[in-house]
>>> print(open('target_31.csv').read())   # CSV, C-alpha atoms
chain,number,residue,atom,x,y,z
T,1,MET,CA,190.3,121.6,73.8
T,2,VAL,CA,193.1,120.1,71.6
T,3,LYS,CA,192.9,121.1,67.9
T,4,ARG,CA,192.6,117.8,66.1
T,5,LYS,CA,193.6,116.8,62.6
T,6,VAL,CA,190.1,115.5,61.9
T,7,SER,CA,187.3,117.0,64.1
T,8,ASN,CA,184.1,115.8,62.5
T,9,PRO,CA,182.1,113.6,65.1
T,10,LEU,CA,181.5,111.1,62.3
T,11,ALA,CA,185.3,110.6,62.2
T,12,LEU,CA,185.2,109.6,65.9
T,13,ALA,CA,182.4,107.1,65.1
T,14,VAL,CA,184.5,105.6,62.3
T,15,LEU,CA,187.5,105.2,64.6
T,16,ALA,CA,185.2,103.6,67.2
T,17,VAL,CA,183.7,101.0,64.8
T,18,LEU,CA,187.1,100.2,63.3
T,19,SER,CA,188.4,99.5,66.9
T,20,GLU,CA,186.1,96.4,66.7
T,21,SER,CA,187.3,95.1,63.4
T,22,SER,CA,188.4,96.1,59.9
T,23,MET,CA,185.5,97.0,57.5
T,24,HIS,CA,184.6,99.0,54.4
T,25,PRO,CA,182.7,102.3,54.5
T,26,TYR,CA,179.3,100.8,53.6
T,27,GLU,CA,179.6,98.3,56.5
T,28,MET,CA,180.6,101.1,58.8
T,29,ALA,CA,177.5,103.0,57.9
T,30,GLN,CA,175.2,100.0,58.3
T,31,LYS,CA,176.8,99.1,61.7
T,32,LEU,CA,176.3,102.7,63.0
T,33,LYS,CA,172.7,102.9,61.7
T,34,GLY,CA,171.9,99.5,63.1
T,35,ARG,CA,172.9,100.8,66.5
T,36,GLY,CA,170.8,103.9,66.1
T,37,LYS,CA,173.8,106.2,66.0
T,38,GLU,CA,172.3,108.4,63.4
T,39,GLN,CA,170.2,109.9,66.2
T,40,SER,CA,173.3,111.6,67.6
T,41,ILE,CA,175.7,111.7,64.7
T,42,ARG,CA,174.9,112.9,61.2
T,43,ILE,CA,175.6,110.0,58.8
T,44,ASN,CA,175.4,110.0,55.1
T,45,TYR,CA,177.5,108.2,52.5
T,46,GLY,CA,179.0,111.3,50.9
T,47,SER,CA,180.3,112.7,54.1
T,48,LEU,CA,181.4,109.3,55.3
T,49,TYR,CA,183.8,108.8,52.4
T,50,THR,CA,185.2,112.3,52.9
T,51,VAL,CA,185.8,111.5,56.5
T,52,VAL,CA,187.4,108.2,55.6
T,53,ASP,CA,189.8,110.0,53.2
T,54,SER,CA,190.7,112.5,55.9
T,55,LEU,CA,191.4,109.8,58.4
T,56,VAL,CA,193.7,108.0,55.9
T,57,ARG,CA,195.6,111.3,55.3
T,58,ALA,CA,196.0,111.7,59.0
T,59,SER,CA,197.4,108.1,59.3
T,60,PHE,CA,194.6,107.2,61.7
T,61,ILE,CA,193.3,104.4,59.5
T,62,GLU,CA,194.7,102.5,56.5
T,63,PRO,CA,193.4,100.4,53.6
T,64,VAL,CA,194.2,96.7,54.1
T,65,GLU,CA,192.2,95.1,51.3
T,66,THR,CA,190.2,95.8,48.1
T,67,PHE,CA,187.6,93.5,46.7
T,68,ARG,CA,184.7,93.3,44.3
T,69,GLU,CA,181.4,91.5,44.6
T,70,GLY,CA,180.0,90.7,41.1
T,71,ARG,CA,179.4,93.8,39.1
T,72,ARG,CA,179.5,96.1,42.1
T,73,PRO,CA,182.2,98.8,42.4
T,74,GLU,CA,185.4,97.9,44.3
T,75,ARG,CA,185.2,98.2,48.0
T,76,THR,CA,188.2,99.0,50.2
T,77,VAL,CA,188.5,97.6,53.7
T,78,TYR,CA,190.1,99.9,56.3
T,79,ALA,CA,191.8,99.1,59.6
T,80,LEU,CA,192.6,101.3,62.6
T,81,THR,CA,196.3,102.2,62.9
T,82,PRO,CA,198.1,102.4,66.3
T,83,ALA,CA,198.0,106.2,65.9
T,84,GLY,CA,194.3,106.0,65.3
T,85,ALA,CA,193.8,103.9,68.4
T,86,ILE,CA,195.6,106.6,70.4
T,87,GLU,CA,193.6,109.4,68.8
T,88,LEU,CA,190.3,107.5,69.5
T,89,ARG,CA,191.1,107.1,73.2
T,90,GLU,CA,192.4,110.7,73.7
T,91,TRP,CA,189.6,112.4,71.7
T,92,LEU,CA,186.8,110.4,73.4
T,93,SER,CA,188.4,111.0,76.8
T,94,GLU,CA,188.6,114.7,76.2
T,95,ILE,CA,184.9,114.9,75.1
T,96,LEU,CA,183.7,113.1,78.2
T,97,ARG,CA,185.7,115.0,80.8
T,98,THR,CA,185.6,118.5,79.3
T,99,SER,CA,182.7,121.0,79.4
T,100,THR,CA,183.0,123.4,76.5
T,101,LYS,CA,180.9,126.3,75.3
T,102,GLU,CA,178.7,125.3,72.5
T,103,TYR,CA,176.6,127.6,70.3
T,104,PRO,CA,173.2,126.0,69.6
T,105,GLU,CA,170.8,128.0,67.3
T,106,PHE,CA,168.1,128.2,69.9
T,107,GLU,CA,170.4,130.0,72.3
T,108,ALA,CA,171.3,132.4,69.5
T,109,GLY,CA,167.6,133.0,68.8
T,110,LEU,CA,166.9,133.7,72.5
T,111,SER,CA,169.7,136.2,72.7
T,112,LEU,CA,168.1,138.1,69.8
T,113,MET,CA,164.5,137.5,70.8
T,114,PRO,CA,163.7,141.1,71.7
T,115,VAL,CA,164.0,142.0,68.0
T,116,LEU,CA,160.5,140.5,67.6
T,117,PRO,CA,157.5,141.9,69.5
T,118,PRO,CA,156.3,139.9,72.5
T,119,GLU,CA,153.0,139.1,70.9
T,120,THR,CA,154.9,137.4,68.1
T,121,VAL,CA,157.3,135.5,70.3
T,122,ALA,CA,154.7,133.8,72.6
T,123,PRO,CA,153.0,131.8,69.8
T,124,LEU,CA,156.4,130.9,68.3
T,125,LEU,CA,157.4,129.4,71.7
T,126,ARG,CA,154.1,127.5,71.8
T,127,GLN,CA,155.0,126.0,68.4
T,128,ARG,CA,158.4,125.1,69.8
T,129,VAL,CA,156.7,123.4,72.7
T,130,GLU,CA,154.7,121.3,70.2
T,131,SER,CA,157.8,120.3,68.2
T,132,LEU,CA,159.7,119.4,71.5
T,133,GLU,CA,156.8,117.2,72.5
T,134,ILE,CA,156.9,115.4,69.2
T,135,ARG,CA,160.7,115.0,69.3
T,136,LEU,CA,160.5,113.7,72.9
T,137,ALA,CA,157.9,111.1,71.8
T,138,GLU,CA,160.1,110.1,68.9
T,139,VAL,CA,163.1,109.6,71.2
T,140,ARG,CA,161.1,107.6,73.7
T,141,ALA,CA,159.7,105.4,70.9
T,142,PHE,CA,163.2,104.9,69.5
T,143,MET,CA,164.5,103.8,72.9
T,144,ASP,CA,161.6,101.4,73.4
T,145,GLN,CA,162.2,99.9,69.9
T,146,MET,CA,165.9,99.5,70.5
T,147,ARG,CA,165.3,97.9,73.9
T,148,SER,CA,162.8,95.5,72.3
T,149,ASN,CA,165.5,94.6,69.8
T,150,GLY,CA,167.8,93.7,72.7
T,151,LEU,CA,170.0,96.7,72.8
T,152,ARG,CA,171.4,97.3,76.3
T,153,ARG,CA,171.2,100.6,78.2
T,154,LEU,CA,175.0,101.2,77.7
T,155,PHE,CA,174.4,101.5,74.0
T,156,LEU,CA,171.4,103.9,74.4
T,157,ILE,CA,173.0,106.3,76.8
T,158,GLU,CA,173.1,109.1,74.3
T,159,ALA,CA,169.4,108.8,73.7
T,160,GLU,CA,168.8,108.8,77.4
T,161,TYR,CA,170.8,112.1,77.6
T,162,GLU,CA,168.8,113.6,74.7
T,163,GLU,CA,165.5,112.6,76.5
T,164,MET,CA,166.6,114.4,79.7
T,165,MET,CA,167.7,117.5,77.8
T,166,LEU,CA,164.5,117.6,75.8
T,167,ARG,CA,162.4,117.3,79.0
T,168,ALA,CA,164.3,120.2,80.6
T,169,GLU,CA,164.0,122.4,77.6
T,170,LEU,CA,160.3,121.6,77.2
T,171,ALA,CA,159.6,122.6,80.8
T,172,TRP,CA,161.6,125.8,80.5
T,173,VAL,CA,160.1,126.9,77.2
T,174,LYS,CA,156.6,126.3,78.6
T,175,CYS,CA,157.3,128.5,81.5
T,176,LEU,CA,158.7,131.3,79.3
T,177,ALA,CA,155.7,131.1,77.1
T,178,GLU,CA,153.4,131.3,80.1
T,179,GLU,CA,155.2,134.4,81.4
T,180,LEU,CA,154.7,136.1,78.1
T,181,GLU,CA,151.1,135.1,77.9
T,182,GLU,CA,150.3,136.1,81.5
T,183,GLY,CA,152.3,139.3,81.3
T,184,THR,CA,154.6,138.4,84.2
T,185,LEU,CA,157.9,138.4,82.4
T,186,GLU,CA,160.3,141.0,83.9
T,187,ASP,CA,160.9,144.0,81.6
T,188,LEU,CA,157.9,143.0,79.4
T,189,GLU,CA,156.6,146.6,79.4
T,190,ILE,CA,159.9,147.9,78.2
T,191,TRP,CA,159.9,145.3,75.4
T,192,TYR,CA,156.4,146.5,74.3
T,193,ARG,CA,157.4,150.1,74.4
T,194,TRP,CA,160.5,149.4,72.4
T,195,HIS,CA,158.4,148.1,69.6
T,196,GLN,CA,156.1,151.1,69.9
T,197,GLY,CA,159.0,153.3,69.1
T,198,ASP,CA,159.9,154.5,72.6
T,199,GLU,CA,163.6,155.6,72.3
T,200,SER,CA,164.2,155.5,76.0
T,201,SER,CA,163.2,151.8,76.2
T,202,ARG,CA,165.4,151.1,73.2
T,203,SER,CA,168.5,152.7,74.8
T,204,PHE,CA,167.7,150.9,78.1
T,205,ALA,CA,167.7,147.5,76.3
T,206,ILE,CA,171.0,148.4,74.5
T,207,ARG,CA,172.7,149.4,77.8
T,208,GLY,CA,171.5,146.3,79.5
T,209,ARG,CA,172.9,144.1,76.7
T,210,GLU,CA,176.2,146.0,76.9
T,211,ARG,CA,176.5,145.6,80.6
T,212,HIS,CA,175.8,141.9,80.2
T,213,VAL,CA,178.5,141.5,77.6
T,214,SER,CA,181.1,143.5,79.4
>>> encode(input="target_31.csv", output="structure tokens")
Amino acid sequence: MVKRKVSNPLALAVLAVLSESSMHPYEMAQKLKGRGKEQSIRINYGSLYTVVDSLVRASFIEPVETFREGRRPERTVYALTPAGAIELREWLSEILRTSTKEYPEFEAGLSLMPVLPPETVAPLLRQRVESLEIRLAEVRAFMDQMRSNGLRRLFLIEAEYEEMMLRAELAWVKCLAEELEEGTLEDLEIWYRWHQGDESSRSFAIRGRERHVS
């Protein structure tokens, strides 16, 4: 992946909305939220203004107008520069074509899961199942609402992706929880012995992890 001058995903969203027309940051935020983009990109006004400043310093956007409405603070309208248009196309193209290693918290937790005893992990996974089911229902409700508002599938594609990923994770976590509850998980006995103070099982676990890493 190319190291970019500005790498915050919110910056990419700003470049995208400015490719449609010039606007001030409040309008950018309203447009993104109106399209439900806060479901996939973290949007808050503080970070938005920081991102806008970074994009200006990188010469990807530029101020084109400043105005005031009544007693409200001045608002600056920004436009996409030619360099910003190139950055938008190249950055977005790279994201869509390139598979990169990401480091989600859940994956980190799974890699360290044996630190907790199996009888503790199983109910935790069941709680995760419940939270995944809730999130999945929320995503589906959001998609239904957006469709009822006339939003086309093209502009809901990221929510469709999240739904598919949630369904896959939900199915997998359910299976893992069942294996723990039914005692069918491979090496479960070693895991139990480890937490009972069996040094041979502890060294086995460490050697297995070292072989995996090497």
>>> residues_around(input="target_31.csv", residues="range 145-149 of chain T", least_positions_apart="4", cutoff="10 Å", atoms="all atoms listed in the file", output="JSON, numbers by chain")
{"T": [34, 35, 36, 139, 140, 141, 153, 155, 156]}
>>> residues_around(input="target_31.csv", residues="Gln39 in chain T", least_positions_apart="6", cutoff="10 Å", atoms="only C-alpha atoms", output="list in words")
Leu32, Lys33, Val139, Phe142, Glu158, Ala159 and Glu162 of chain T
>>> closest_residue(input="target_31.csv", among="T:Leu166, T:Glu119, T:Glu90, T:Gly150", to="Gly183 in chain T", atoms="all atoms listed in the file")
T:Glu119
>>> residues_around(input="target_31.csv", residues="range 65-81 of chain T", least_positions_apart="3", cutoff="6 Å", atoms="all atoms listed in the file", output="list of chain:residue names")
T:Leu18, T:Ser22, T:Met23, T:His24, T:Phe60, T:Ile61, T:Glu62, T:Gly84
>>> closest_residue(input="target_31.csv", among="T:Tyr45, T:Tyr192, T:Trp91, T:Phe106", to="Val173 in chain T", atoms="all atoms listed in the file")
T:Phe106
>>> residues_near_point(input="target_31.csv", point="(161.2, 117.8, 70.6)", cutoff="12 Å", atoms="only C-alpha atoms", output="MDAnalysis selection string")
chainID T and resid 127:140 162:171 173
>>> atom_distance(input="target_31.csv", atom1="CA of Val2 in chain T", atom2="CA of Ser40 in chain T")
21.9 Å
>>> atom_distance(input="target_31.csv", atom1="CA of Asp187 in chain T", atom2="CA of Ser111 in chain T")
14.7 Å
>>> atom_distance(input="target_31.csv", atom1="CA of Arg57 in chain T", atom2="CA of Lys5 in chain T")
9.4 Å
>>> closest_residue(input="target_31.csv", among="T:Gly109, T:Ala122, T:His195, T:Thr50", to="Glu182 in chain T", atoms="only C-alpha atoms")
T:Ala122
